[in-house]
$ cat my_file.txt   # compact mmCIF, C-alpha atoms
# COMPACT_ATOMS: atom_id res chain seq x y z
CA MET A 1 80.71 141.09 69.58
CA VAL A 2 83.65 143.14 70.76
CA ILE A 3 86.99 142.26 69.21
CA ILE A 4 89.60 141.95 71.96
CA SER A 5 92.66 139.95 72.79
CA LEU A 6 91.66 137.92 75.84
CA THR A 7 95.14 137.99 77.34
CA SER A 8 96.54 141.38 76.44
CA SER A 9 94.33 143.95 78.13
CA ILE A 10 95.32 143.58 81.78
CA SER A 11 97.74 146.49 81.90
CA ALA A 12 95.53 148.78 79.80
CA GLN A 13 92.10 148.23 81.34
CA SER A 14 90.50 147.40 84.65
CA VAL A 15 88.10 144.47 84.88
CA ARG A 16 85.22 146.90 85.34
CA ASP A 17 86.23 148.72 82.15
CA ILE A 18 86.19 145.45 80.21
CA ILE A 19 82.81 144.47 81.64
CA ALA A 20 81.34 147.87 80.78
CA HIS A 21 82.36 147.24 77.17
CA THR A 22 81.92 143.45 77.09
CA PRO A 23 79.38 142.28 79.71
CA SER A 24 80.02 138.64 78.80
CA TYR A 25 83.42 138.90 80.50
CA SER A 26 81.64 139.00 83.88
CA SER A 27 80.32 135.46 83.40
CA CYS A 28 83.79 133.86 83.78
CA ASN A 29 83.59 130.36 82.28
CA TYR A 30 80.45 131.34 80.34
CA HIS A 31 82.35 134.12 78.57
CA VAL A 32 82.30 133.83 74.77
CA TYR A 33 85.35 133.62 72.56
CA PRO A 34 86.00 136.79 70.50
CA ASP A 35 84.83 136.90 66.91
CA SER A 36 88.26 138.03 65.72
CA ILE A 37 91.79 137.90 67.07
CA THR A 38 93.86 141.06 66.82
CA ALA A 39 97.03 139.84 68.57
CA VAL A 40 100.15 140.19 66.40
CA LEU A 41 102.73 137.40 66.50
CA THR A 42 106.43 138.19 67.02
CA PRO A 43 108.66 136.93 64.19
CA ALA A 44 110.85 133.95 65.10
CA PRO A 45 114.58 134.38 65.73
CA ALA A 46 116.69 134.25 62.60
CA GLY A 47 116.76 130.84 60.94
CA LYS A 48 114.04 129.31 63.14
CA LYS A 49 110.85 127.99 61.57
CA PRO A 50 107.73 126.47 63.14
CA PHE A 51 107.58 122.68 62.82
CA TYR A 52 105.23 121.32 65.50
CA ILE A 53 102.10 122.42 67.38
CA SER A 54 100.89 120.99 70.69
CA HIS A 55 97.46 122.16 71.86
CA TYR A 56 94.81 121.75 74.55
CA GLY A 57 91.50 123.51 73.97
CA ARG A 58 88.10 123.82 75.52
CA HIS A 59 84.93 123.01 73.61
CA GLY A 60 83.06 125.91 72.03
CA SER A 61 79.95 127.68 73.30
CA ARG A 62 77.33 125.29 74.64
CA TYR A 63 73.92 125.23 76.21
CA ILE A 64 73.94 125.31 80.00
CA SER A 65 74.95 121.88 81.23
CA ASN A 66 72.02 121.16 83.58
CA ARG A 67 68.66 122.48 84.72
CA THR A 68 69.75 123.80 88.11
CA GLY A 69 71.27 127.04 86.86
CA TYR A 70 68.05 128.04 85.10
CA GLU A 71 65.46 126.47 87.39
CA THR A 72 66.73 128.26 90.50
CA PRO A 73 65.36 131.67 89.41
CA TYR A 74 62.67 130.24 87.10
CA LEU A 75 60.79 128.35 89.81
CA MET A 76 60.94 131.39 92.09
CA MET A 77 59.42 133.49 89.30
CA GLN A 78 56.67 130.95 88.64
CA HIS A 79 55.77 130.90 92.33
CA ALA A 80 55.60 134.68 92.46
CA ASP A 81 53.45 134.74 89.32
CA SER A 82 51.00 132.24 90.85
CA LEU A 83 50.51 134.73 93.69
CA ASP A 84 50.18 137.72 91.33
CA GLU A 85 53.34 139.22 92.78
CA LEU A 86 55.10 140.11 89.50
CA THR A 87 55.28 143.68 88.28
CA ALA A 88 54.71 144.44 84.59
CA ALA A 89 58.50 144.28 84.14
CA GLY A 90 58.56 141.00 86.06
CA ALA A 91 55.90 139.51 83.77
CA LYS A 92 58.04 140.37 80.74
CA VAL A 93 61.04 138.73 82.41
CA LEU A 94 59.06 135.55 83.05
CA HIS A 95 57.92 135.53 79.41
CA GLU A 96 61.55 135.71 78.30
CA MET A 97 62.51 132.97 80.76
CA ASN A 98 59.75 130.75 79.35
CA SER A 99 61.28 131.16 75.89
CA ILE A 100 64.75 130.34 77.15
CA MET A 101 63.53 127.23 78.96
CA ARG A 102 61.71 125.99 75.84
CA ASP A 103 64.77 126.61 73.68
CA THR A 104 67.09 124.79 76.06
CA GLU A 105 64.94 121.77 76.85
CA GLY A 106 66.59 118.60 75.59
CA ARG A 107 69.81 120.43 74.70
CA TRP A 108 71.51 120.60 78.10
CA GLY A 109 75.28 120.78 77.60
CA GLU A 110 75.15 120.52 73.80
CA LEU A 111 77.44 122.52 71.52
CA THR A 112 75.67 125.49 69.92
CA GLY A 113 76.00 126.83 66.40
CA SER A 114 78.09 129.64 67.81
CA GLY A 115 80.37 127.08 69.44
CA LYS A 116 80.92 125.28 66.15
CA ARG A 117 81.82 128.54 64.41
CA GLN A 118 84.30 129.42 67.14
CA LEU A 119 86.20 126.17 66.70
CA GLU A 120 86.08 126.46 62.91
CA ASP A 121 87.61 129.92 63.12
CA ILE A 122 90.34 128.76 65.49
CA GLY A 123 91.24 125.88 63.17
CA GLN A 124 91.29 128.17 60.15
CA ARG A 125 93.55 130.69 61.86
CA MET A 126 95.91 127.93 62.98
CA VAL A 127 96.40 126.76 59.40
CA ARG A 128 96.83 130.28 58.08
CA ARG A 129 99.22 131.36 60.84
CA PHE A 130 101.45 128.29 60.66
CA PRO A 131 101.43 127.01 57.06
CA GLU A 132 104.92 125.57 57.55
CA VAL A 133 103.47 123.11 60.08
CA LEU A 134 100.00 122.53 58.66
CA CYS A 135 101.00 121.94 55.07
CA PRO A 136 100.10 119.24 52.51
CA GLY A 137 101.03 115.83 53.88
CA ALA A 138 101.32 116.96 57.50
CA ASN A 139 99.91 114.66 60.19
CA VAL A 140 97.39 116.12 62.64
CA LYS A 141 96.37 113.91 65.55
CA CYS A 142 93.20 115.03 67.34
CA ILE A 143 92.09 113.63 70.69
CA SER A 144 88.92 114.50 72.58
CA THR A 145 87.32 113.62 75.87
CA ILE A 146 84.29 111.40 75.47
CA VAL A 147 81.83 114.26 76.06
CA PRO A 148 79.78 114.95 72.89
CA ARG A 149 80.37 118.73 72.83
CA CYS A 150 84.12 118.12 72.90
CA ILE A 151 83.93 115.53 70.14
CA GLU A 152 81.87 117.94 68.01
CA SER A 153 84.38 120.73 68.72
CA MET A 154 87.18 118.47 67.56
CA GLY A 155 85.24 117.67 64.40
CA SER A 156 84.48 121.32 63.68
CA THR A 157 88.15 122.24 63.98
CA ALA A 158 89.35 119.31 61.87
CA MET A 159 86.84 119.87 59.07
CA LYS A 160 87.74 123.54 58.77
CA MET A 161 91.44 122.71 58.72
CA LEU A 162 90.79 120.28 55.88
CA GLN A 163 88.92 122.95 53.97
CA GLU A 164 91.96 125.19 54.30
CA CYS A 165 94.43 122.43 53.41
CA PRO A 166 92.76 119.32 51.92
CA GLN A 167 96.03 117.38 51.90
CA LEU A 168 96.34 117.26 55.68
CA ASN A 169 96.33 113.79 57.23
CA ILE A 170 93.94 114.18 60.16
CA THR A 171 92.98 111.46 62.62
CA MET A 172 90.39 111.83 65.37
CA GLU A 173 89.93 109.82 68.55
CA ALA A 174 87.66 109.95 71.60
CA SER A 175 88.32 107.07 73.96
CA LYS A 176 88.18 106.27 77.65
CA ARG A 177 91.78 105.09 77.28
CA SER A 178 93.02 108.70 77.14
CA GLN A 179 90.87 110.12 79.93
CA TRP A 180 93.63 109.58 82.51
CA PHE A 181 95.36 112.67 81.14
CA MET A 182 92.69 114.36 79.00
CA ASN A 183 90.15 114.80 81.79
CA TYR A 184 91.84 113.52 84.93
CA GLN A 185 89.99 114.13 88.18
CA ASP A 186 92.28 113.85 91.18
CA ARG A 187 90.10 112.59 94.02
CA LYS A 188 92.19 114.18 96.74
CA LEU A 189 92.37 117.59 95.05
CA ARG A 190 88.81 117.38 93.70
CA LYS A 191 87.60 117.10 97.27
CA ARG A 192 89.09 120.51 97.94
CA SER A 193 87.68 121.96 94.72
CA THR A 194 84.23 120.95 95.96
CA TYR A 195 84.65 121.34 99.69
CA MET A 196 86.95 124.15 100.78
CA THR A 197 89.10 124.06 103.85
CA PRO A 198 87.45 125.89 106.78
CA GLN A 199 90.01 128.67 106.36
CA ALA A 200 89.18 129.08 102.67
CA GLN A 201 85.44 128.94 103.29
CA LYS A 202 85.67 131.64 105.97
CA ALA A 203 87.74 133.93 103.74
CA TYR A 204 85.41 133.38 100.78
CA ASP A 205 82.27 134.04 102.80
CA GLU A 206 83.75 137.29 104.10
CA TYR A 207 84.83 138.30 100.60
CA ILE A 208 81.45 137.75 98.92
CA LYS A 209 79.19 139.02 101.72
CA PRO A 210 79.22 142.70 100.65
CA ARG A 211 78.93 141.71 96.98
CA MET A 212 75.84 139.46 97.13
CA GLY A 213 72.19 140.42 96.76
CA ASN A 214 70.43 143.04 94.67
CA SER A 215 67.52 144.91 96.25
CA ARG A 216 67.18 147.04 93.11
CA LEU A 217 66.43 143.93 91.05
CA MET A 218 63.88 142.71 93.57
CA GLU A 219 62.01 146.02 93.36
CA GLN A 220 61.98 145.87 89.56
CA ILE A 221 60.45 142.42 89.38
CA PHE A 222 58.25 141.91 92.43
CA LYS A 223 55.32 144.01 93.65
CA ASN A 224 56.09 143.32 97.29
CA PRO A 225 59.75 142.29 97.66
CA ASP A 226 59.42 141.80 101.41
CA ILE A 227 56.56 139.33 100.95
CA VAL A 228 58.18 137.22 98.22
CA LYS A 229 61.35 136.89 100.28
CA GLU A 230 59.57 134.02 101.98
CA PHE A 231 60.29 131.94 98.88
CA VAL A 232 62.67 134.08 96.79
CA GLU A 233 66.19 133.96 98.18
CA GLU A 234 67.59 137.30 97.01
CA ASP A 235 71.24 136.25 96.73
CA TYR A 236 70.56 133.16 94.65
CA PHE A 237 67.85 134.81 92.60
CA ASN A 238 70.12 137.69 91.59
CA TYR A 239 73.10 135.44 90.88
CA TYR A 240 71.32 132.83 88.77
CA LEU A 241 69.09 135.26 86.87
CA MET A 242 72.19 137.23 85.93
CA LYS A 243 73.88 134.01 84.81
CA MET A 244 70.82 133.12 82.77
CA ALA A 245 70.98 136.50 81.03
CA LEU A 246 74.69 136.26 80.31
CA PHE A 247 74.53 132.68 79.10
CA GLN A 248 72.40 133.72 76.14
CA PHE A 249 75.49 135.20 74.47
CA ASN A 250 76.51 131.58 73.83
CA ILE A 251 73.27 130.57 72.17
CA SER A 252 72.81 132.95 69.26
CA TYR A 253 74.21 136.10 67.75
CA ASN A 254 70.61 137.35 67.61
CA ARG A 255 70.85 138.44 71.23
CA ASN A 256 67.74 139.72 72.96
CA PRO A 257 68.85 142.30 75.55
CA ARG A 258 65.72 142.08 77.69
CA LEU A 259 67.29 140.16 80.58
CA MET A 260 70.60 142.01 80.23
CA GLU A 261 68.80 145.33 80.75
CA LEU A 262 67.88 144.26 84.28
CA PHE A 263 71.48 144.71 85.44
CA ASN A 264 74.08 147.45 85.43
CA THR A 265 77.86 147.33 85.10
CA ASP A 266 78.51 147.43 88.84
CA GLU A 267 76.24 144.44 89.40
CA PHE A 268 77.94 142.43 86.65
CA TYR A 269 81.31 143.44 88.09
CA ARG A 270 80.43 142.25 91.60
CA MET A 271 79.31 138.89 90.24
CA TRP A 272 82.61 138.56 88.38
CA GLN A 273 84.48 139.18 91.64
CA ILE A 274 82.45 136.48 93.40
CA ASP A 275 83.07 133.88 90.69
CA ASN A 276 86.70 134.80 90.06
CA ALA A 277 87.54 134.28 93.72
CA LEU A 278 85.76 130.91 93.74
CA TRP A 279 87.63 129.70 90.65
CA TYR A 280 90.90 130.76 92.24
CA ILE A 281 90.18 128.84 95.44
CA GLN A 282 89.03 125.73 93.59
CA TYR A 283 91.59 125.58 90.75
CA GLY A 284 94.37 128.09 91.42
CA ALA A 285 97.37 127.99 93.76
CA CYS A 286 95.35 129.47 96.62
CA LYS A 287 97.21 129.18 99.93
CA LEU A 288 93.89 129.12 101.79
CA ASN A 289 93.00 125.83 100.09
CA GLY A 290 96.36 124.08 100.20
CA GLY A 291 97.91 125.74 97.14
CA CYS A 292 98.07 122.46 95.19
CA GLN A 293 94.94 122.53 93.02
CA PRO A 294 96.85 123.10 89.74
CA TYR A 295 98.65 119.78 90.24
CA SER A 296 95.44 118.02 89.25
CA GLN A 297 96.77 118.40 85.68
CA ARG A 298 100.25 117.02 86.28
CA HIS A 299 99.47 113.94 84.16
CA LEU A 300 98.37 116.06 81.22
CA LEU A 301 101.47 118.24 81.41
CA ARG A 302 103.73 115.22 81.65
CA GLN A 303 101.99 113.67 78.63
CA MET A 304 102.33 116.87 76.61
CA ILE A 305 106.05 116.95 77.40
CA ALA A 306 106.48 113.29 76.43
CA ASP A 307 104.54 113.81 73.20
CA ALA A 308 106.67 116.83 72.34
CA ASP A 309 109.92 114.99 73.07
CA SER A 310 108.80 112.22 70.74
CA CYS A 311 107.67 114.55 67.97
CA ILE A 312 110.84 116.65 68.08
CA LYS A 313 112.72 113.57 66.87
CA LEU A 314 110.66 113.46 63.68
CA ASP A 315 111.37 115.32 60.45
CA ARG A 316 107.74 116.44 60.04
CA PRO A 317 105.79 115.91 63.27
CA GLY A 318 102.78 118.07 62.37
CA ALA A 319 100.36 118.81 65.22
CA GLN A 320 98.64 117.23 68.20
CA LEU A 321 95.34 118.79 69.18
CA ARG A 322 93.43 117.93 72.35
CA PHE A 323 89.84 118.94 73.13
CA GLY A 324 88.43 119.05 76.63
CA HIS A 325 87.16 121.30 79.39
CA GLU A 326 87.80 124.52 81.30
CA THR A 327 88.22 122.58 84.54
CA VAL A 328 91.33 121.08 82.94
CA LEU A 329 92.62 124.10 81.05
CA LEU A 330 92.53 126.54 83.97
CA PRO A 331 94.59 124.44 86.41
CA LEU A 332 96.95 123.51 83.55
CA VAL A 333 97.60 127.21 82.88
CA CYS A 334 98.11 127.76 86.62
CA LEU A 335 100.46 124.78 86.90
CA ILE A 336 102.62 126.02 84.03
CA GLY A 337 102.50 129.61 85.24
CA VAL A 338 101.27 131.16 81.99
CA ASN A 339 100.89 134.95 82.29
CA GLY A 340 101.40 134.84 86.05
CA PHE A 341 98.46 132.55 86.74
CA ASP A 342 100.64 130.55 89.14
CA LEU A 343 99.97 133.32 91.66
CA GLU A 344 100.07 132.11 95.26
CA THR A 345 98.24 134.21 97.83
CA ASP A 346 95.92 133.94 100.81
CA ASN A 347 94.39 137.37 100.15
CA LEU A 348 91.42 137.26 97.77
CA ASP A 349 91.47 141.04 97.47
CA GLU A 350 94.82 140.78 95.66
CA LEU A 351 93.52 138.76 92.71
CA GLU A 352 92.27 141.65 90.65
CA ASP A 353 95.30 143.90 91.11
CA LYS A 354 97.67 141.05 90.30
CA GLY A 355 95.88 140.06 87.11
CA TRP A 356 94.39 136.73 88.16
CA TRP A 357 91.34 137.12 85.91
CA CYS A 358 89.91 133.72 85.07
CA SER A 359 87.74 135.07 82.25
CA SER A 360 90.93 135.73 80.28
CA VAL A 361 91.89 132.05 80.49
CA PHE A 362 88.84 129.93 79.78
CA PRO A 363 86.07 131.44 77.71
CA MET A 364 84.13 129.00 75.58
CA GLY A 365 86.59 127.80 72.91
CA ALA A 366 89.65 128.70 75.00
CA ASN A 367 92.94 127.17 73.93
CA LEU A 368 96.58 126.81 74.87
CA GLN A 369 99.01 126.34 71.98
CA PHE A 370 102.70 125.45 72.12
CA ILE A 371 104.39 126.39 68.83
CA PHE A 372 107.81 124.78 68.31
CA TYR A 373 110.64 126.21 66.20
CA ARG A 374 114.00 125.01 64.88
CA SER A 375 116.31 125.60 61.92
CA SER A 376 116.39 121.94 60.81
CA PRO A 377 115.61 118.46 62.19
CA LYS A 378 119.21 118.34 63.44
CA ASP A 379 118.87 121.58 65.41
CA GLN A 380 119.35 120.75 69.11
CA ASP A 381 118.27 124.19 70.36
CA VAL A 382 114.52 123.89 69.93
CA LEU A 383 112.56 127.03 70.78
CA PHE A 384 108.87 127.34 71.45
CA LYS A 385 106.33 129.94 72.45
CA VAL A 386 103.00 129.75 74.21
CA LEU A 387 99.79 131.19 72.84
CA LEU A 388 96.92 131.57 75.29
CA ASN A 389 93.76 132.10 73.30
CA GLU A 390 95.94 132.81 70.26
CA ALA A 391 97.92 135.63 71.88
CA GLU A 392 101.57 135.34 72.91
CA ALA A 393 102.01 134.63 76.60
CA THR A 394 104.75 134.67 79.22
CA LEU A 395 106.26 131.85 81.28
CA PRO A 396 107.93 131.97 84.72
CA ILE A 397 111.39 131.07 83.39
CA GLN A 398 114.30 133.06 82.00
CA THR A 399 114.77 133.51 78.27
CA ASP A 400 117.07 135.45 75.99
CA CYS A 401 114.58 135.53 73.10
CA ALA A 402 111.15 136.44 74.51
CA PRO A 403 108.39 135.63 73.73
CA TYR A 404 110.28 132.49 72.66
CA TYR A 405 111.73 130.08 75.21
CA HIS A 406 114.23 127.25 75.04
CA TRP A 407 112.29 123.98 75.17
CA LYS A 408 114.94 122.25 77.29
CA ASP A 409 114.61 124.97 79.98
CA PHE A 410 110.83 124.80 80.10
CA ARG A 411 110.84 121.01 80.01
CA GLN A 412 113.19 120.82 82.98
CA TYR A 413 111.27 123.46 84.91
CA CYS A 414 107.99 121.60 84.52
CA LEU A 415 109.35 118.13 85.23
CA ASP A 416 111.13 119.37 88.38
CA LYS A 417 107.91 120.99 89.54
CA ILE A 418 105.64 117.99 89.05
CA ASN A 419 108.26 115.52 90.29
CA ASN A 420 108.49 117.45 93.55
CA TYR A 421 104.75 117.27 94.12
CA LYS A 422 103.76 114.90 96.86

$ encode --input "my_file.txt" --output "structure tokens"
Amino acid sequence: MVIISLTSSISAQSVRDIIAHTPSYSSCNYHVYPDSITAVLTPAPAGKKPFYISHYGRHGSRYISNRTGYETPYLMMQHADSLDELTAAGAKVLHEMNSIMRDTEGRWGELTGSGKRQLEDIGQRMVRRFPEVLCPGANVKCISTIVPRCIESMGSTAMKMLQECPQLNITMEASKRSQWFMNYQDRKLRKRSTYMTPQAQKAYDEYIKPRMGNSRLMEQIFKNPDIVKEFVEEDYFNYYLMKMALFQFNISYNRNPRLMELFNTDEFYRMWQIDNALWYIQYGACKLNGGCQPYSQRHLLRQMIADADSCIKLDRPGAQLRFGHETVLLPLVCLIGVNGFDLETDNLDELEDKGWWCSSVFPMGANLQFIFYRSSPKDQDVLFKVLLNEAEATLPIQTDCAPYYHWKDFRQYCLDKINNYK
């Protein structure tokens, strides 16, 4: 696995460069968390020490959540095989697909061993990076959505933190009572994340048209591509077979490259463009789709602010860790404006040049950490910084101590923004 900082390579590399080196990046929300974090943290201003951590993180690597993603290409391949329309290469592909289907059966959506290790590593680094906060006697409150892979992710993080510091006081909770902010689904906005406005649909269709399909793949796998097109839809076959190949990075570190070898960098890159644009329309501040999708996480942001305000009043507040999903984390990042992800545009061709790269936000195990600093419990000028996937990030507000920000400024900015939403 390549060691990269998920949020620090925009200015140095193009997306295609990253994909050429790390193909997993092309799979967007299926991208795997890096094995190691190389980002260096900026020392705090003189006299300031970390005292509280507020966090929202995605579960670790999982099995694909339902059959559809795999069965779409698999059933097409089985049909072609029944008609003796597979090439020798195609027969090998079907054999590999059979293995993947057997391995996944009964595990749809479950956390993998790789996912558990990712969350363990994140928890370990958190304790080692911020020993002033996560010290003997500190309270750590963990909350998860009620989805099993999130609960397991919470447990993996907590257990590793306890191994690092056995004297931590850790509590864990997964209850429907907290779903109103942990995994809130706004019906009005969700409708637009599922069904685009006609304007957005038209723009998206025009954007993806030259990027869909793969005649080269069809010729590799099928003896008579023109004949099998009666039941093999080229666009869907290419898209879902590529996803199937990429998803295996989440299953095991013993990665079999057979399916990956079917595709080249340009094909992976085009698929990333297709998915990145869709995620922007559905969860970003896309003008074509109303520009309000990030507000789906206004309740979570308001709760995080309220929790922080309460904890700041304590002598030793410890940490609050929340475990959920990428469909919450991405719009939350966009709502806050982390690293410019509050971008508003109606031009999908601008996304790449302006750094709206969803793969940098929500790989498996993704996390957003607020680290709070002060000189003493009486210090009224509380500072904090944001870590996106454990690397320092920027916010759309002024500061005189970057990458640190004044909590009161950020708090007011966010509350004004969500209070003005109608």

$ axis_aligned_box --input "my_file.txt" --around "region 314-330 of chain A" --padding-each-side "5 Å" --output "JSON"
{"center_x": 99.3, "center_y": 120.0, "center_z": 72.3, "size_x": 34.2, "size_y": 23.1, "size_z": 34.5}

$ residues_around --input "my_file.txt" --residues "Arg128 (chain A)" --least-positions-apart "2" --cutoff "12 Å" --atoms "all atoms listed in the file" --output "number ranges by chain"
A: 121-126, 130-135, 160-165

$ closest_residue --input "my_file.txt" --among "A:Arg316, A:Met97, A:Cys286, A:Gln179" --to "Ala138 (chain A)" --atoms "all atoms listed in the file"
A:Arg316

$ residues_near_point --input "my_file.txt" --point "(92.3, 136.1, 89.4)" --cutoff "7 Å" --atoms "all atoms listed in the file" --output "tab-separated table (two decimals) with C-alpha atoms, in the coordinates of the input"
chain	number	residue	atom	x	y	z
A	276	ASN	CA	86.70	134.80	90.06
A	277	ALA	CA	87.54	134.28	93.72
A	280	TYR	CA	90.90	130.76	92.24
A	351	LEU	CA	93.52	138.76	92.71
A	352	GLU	CA	92.27	141.65	90.65
A	355	GLY	CA	95.88	140.06	87.11
A	356	TRP	CA	94.39	136.73	88.16
A	357	TRP	CA	91.34	137.12	85.91
A	358	CYS	CA	89.91	133.72	85.07

$ closest_atom_pairs --input "my_file.txt" --of "region 146-172 of chain A" --to "region 48-71 of chain A" --cutoff "10 Å" --atoms "only C-alpha atoms" --output "Markdown table"
| residue | atom | partner | partner_atom | distance |
| --- | --- | --- | --- | --- |
| A:Val147 | CA | A:His59 | CA | 9.6 |
| A:Pro148 | CA | A:His59 | CA | 9.6 |
| A:Arg149 | CA | A:His59 | CA | 6.3 |
| A:Cys150 | CA | A:His59 | CA | 5.0 |
| A:Ile151 | CA | A:His59 | CA | 8.3 |
| A:Glu152 | CA | A:His59 | CA | 8.2 |
| A:Ser153 | CA | A:His59 | CA | 5.4 |
| A:Met154 | CA | A:His59 | CA | 7.9 |
| A:Ser156 | CA | A:Gly60 | CA | 9.6 |

$ atom_distance --input "my_file.txt" --atom1 "CA of Asp381 (chain A)" --atom2 "CA of His406 (chain A)"
6.9 Å

$ closest_residue --input "my_file.txt" --among "A:Ile100, A:Val382, A:Cys414, A:Leu330" --to "Arg258 (chain A)" --atoms "all atoms listed in the file"
A:Ile100

$ residues_around --input "my_file.txt" --residues "Phe410 (chain A)" --least-positions-apart "6" --cutoff "10 Å" --atoms "all atoms listed in the file" --output "list in words"
Ile305, Ile336, Leu383, Phe384, Leu395, Pro396, Ile397, Gln398, Thr399 and Asp416 of chain A

$ residues_near_point --input "my_file.txt" --point "(103.5, 132.9, 80.7)" --cutoff "7 Å" --atoms "all atoms listed in the file" --output "ChimeraX atom specification"
/A:337-340,393-396

$ residues_around --input "my_file.txt" --residues "Asp315 (chain A)" --least-positions-apart "6" --cutoff "9 Å" --atoms "only C-alpha atoms" --output "list in words"
Phe51, Ser376, Pro377 and Lys378 of chain A

$ closest_residue --input "my_file.txt" --among "A:Arg129, A:Arg107, A:Asn389, A:Cys28" --to "Val15 (chain A)" --atoms "only C-alpha atoms"
A:Cys28

$ decode --input "my_file.txt" --residues "region 88-99 of chain A" --atoms "N, CA, C and O atoms" --output "tab-separated table (two decimals), in the first residue's frame"
chain	number	residue	atom	x	y	z
A	88	ALA	N	-10.34	-17.00	-23.64
A	88	ALA	CA	-9.56	-17.64	-22.58
A	88	ALA	C	-9.35	-16.66	-21.43
A	88	ALA	O	-9.45	-17.04	-20.25
A	89	ALA	N	-9.10	-15.39	-21.75
A	89	ALA	CA	-8.95	-14.37	-20.71
A	89	ALA	C	-10.26	-14.17	-19.97
A	89	ALA	O	-10.28	-14.00	-18.74
A	90	GLY	N	-11.36	-14.21	-20.72
A	90	GLY	CA	-12.67	-14.05	-20.10
A	90	GLY	C	-12.99	-15.18	-19.13
A	90	GLY	O	-13.59	-14.97	-18.07
A	91	ALA	N	-12.59	-16.41	-19.49
A	91	ALA	CA	-12.82	-17.56	-18.61
A	91	ALA	C	-12.06	-17.40	-17.29
A	91	ALA	O	-12.56	-17.75	-16.21
A	92	LYS	N	-10.84	-16.87	-17.37
A	92	LYS	CA	-10.07	-16.62	-16.15
A	92	LYS	C	-10.73	-15.54	-15.29
A	92	LYS	O	-10.74	-15.64	-14.06
A	93	VAL	N	-11.28	-14.54	-15.95
A	93	VAL	CA	-11.99	-13.48	-15.22
A	93	VAL	C	-13.20	-14.05	-14.49
A	93	VAL	O	-13.44	-13.76	-13.32
A	94	LEU	N	-13.96	-14.90	-15.17
A	94	LEU	CA	-15.13	-15.51	-14.53
A	94	LEU	C	-14.72	-16.38	-13.36
A	94	LEU	O	-15.39	-16.39	-12.31
A	95	HIS	N	-13.62	-17.10	-13.49
A	95	HIS	CA	-13.12	-17.92	-12.39
A	95	HIS	C	-12.81	-17.04	-11.18
A	95	HIS	O	-13.14	-17.40	-10.04
A	96	GLU	N	-12.17	-15.92	-11.41
A	96	GLU	CA	-11.86	-14.99	-10.31
A	96	GLU	C	-13.14	-14.41	-9.72
A	96	GLU	O	-13.25	-14.27	-8.49
A	97	MET	N	-14.10	-14.10	-10.56
A	97	MET	CA	-15.38	-13.57	-10.07
A	97	MET	C	-16.10	-14.61	-9.21
A	97	MET	O	-16.73	-14.28	-8.20
A	98	ASN	N	-16.04	-15.88	-9.62
A	98	ASN	CA	-16.64	-16.94	-8.80
A	98	ASN	C	-16.04	-16.96	-7.40
A	98	ASN	O	-16.76	-17.11	-6.40
A	99	SER	N	-14.74	-16.79	-7.31
A	99	SER	CA	-14.05	-16.80	-6.01
A	99	SER	C	-14.50	-15.61	-5.16
A	99	SER	O	-14.74	-15.75	-3.96
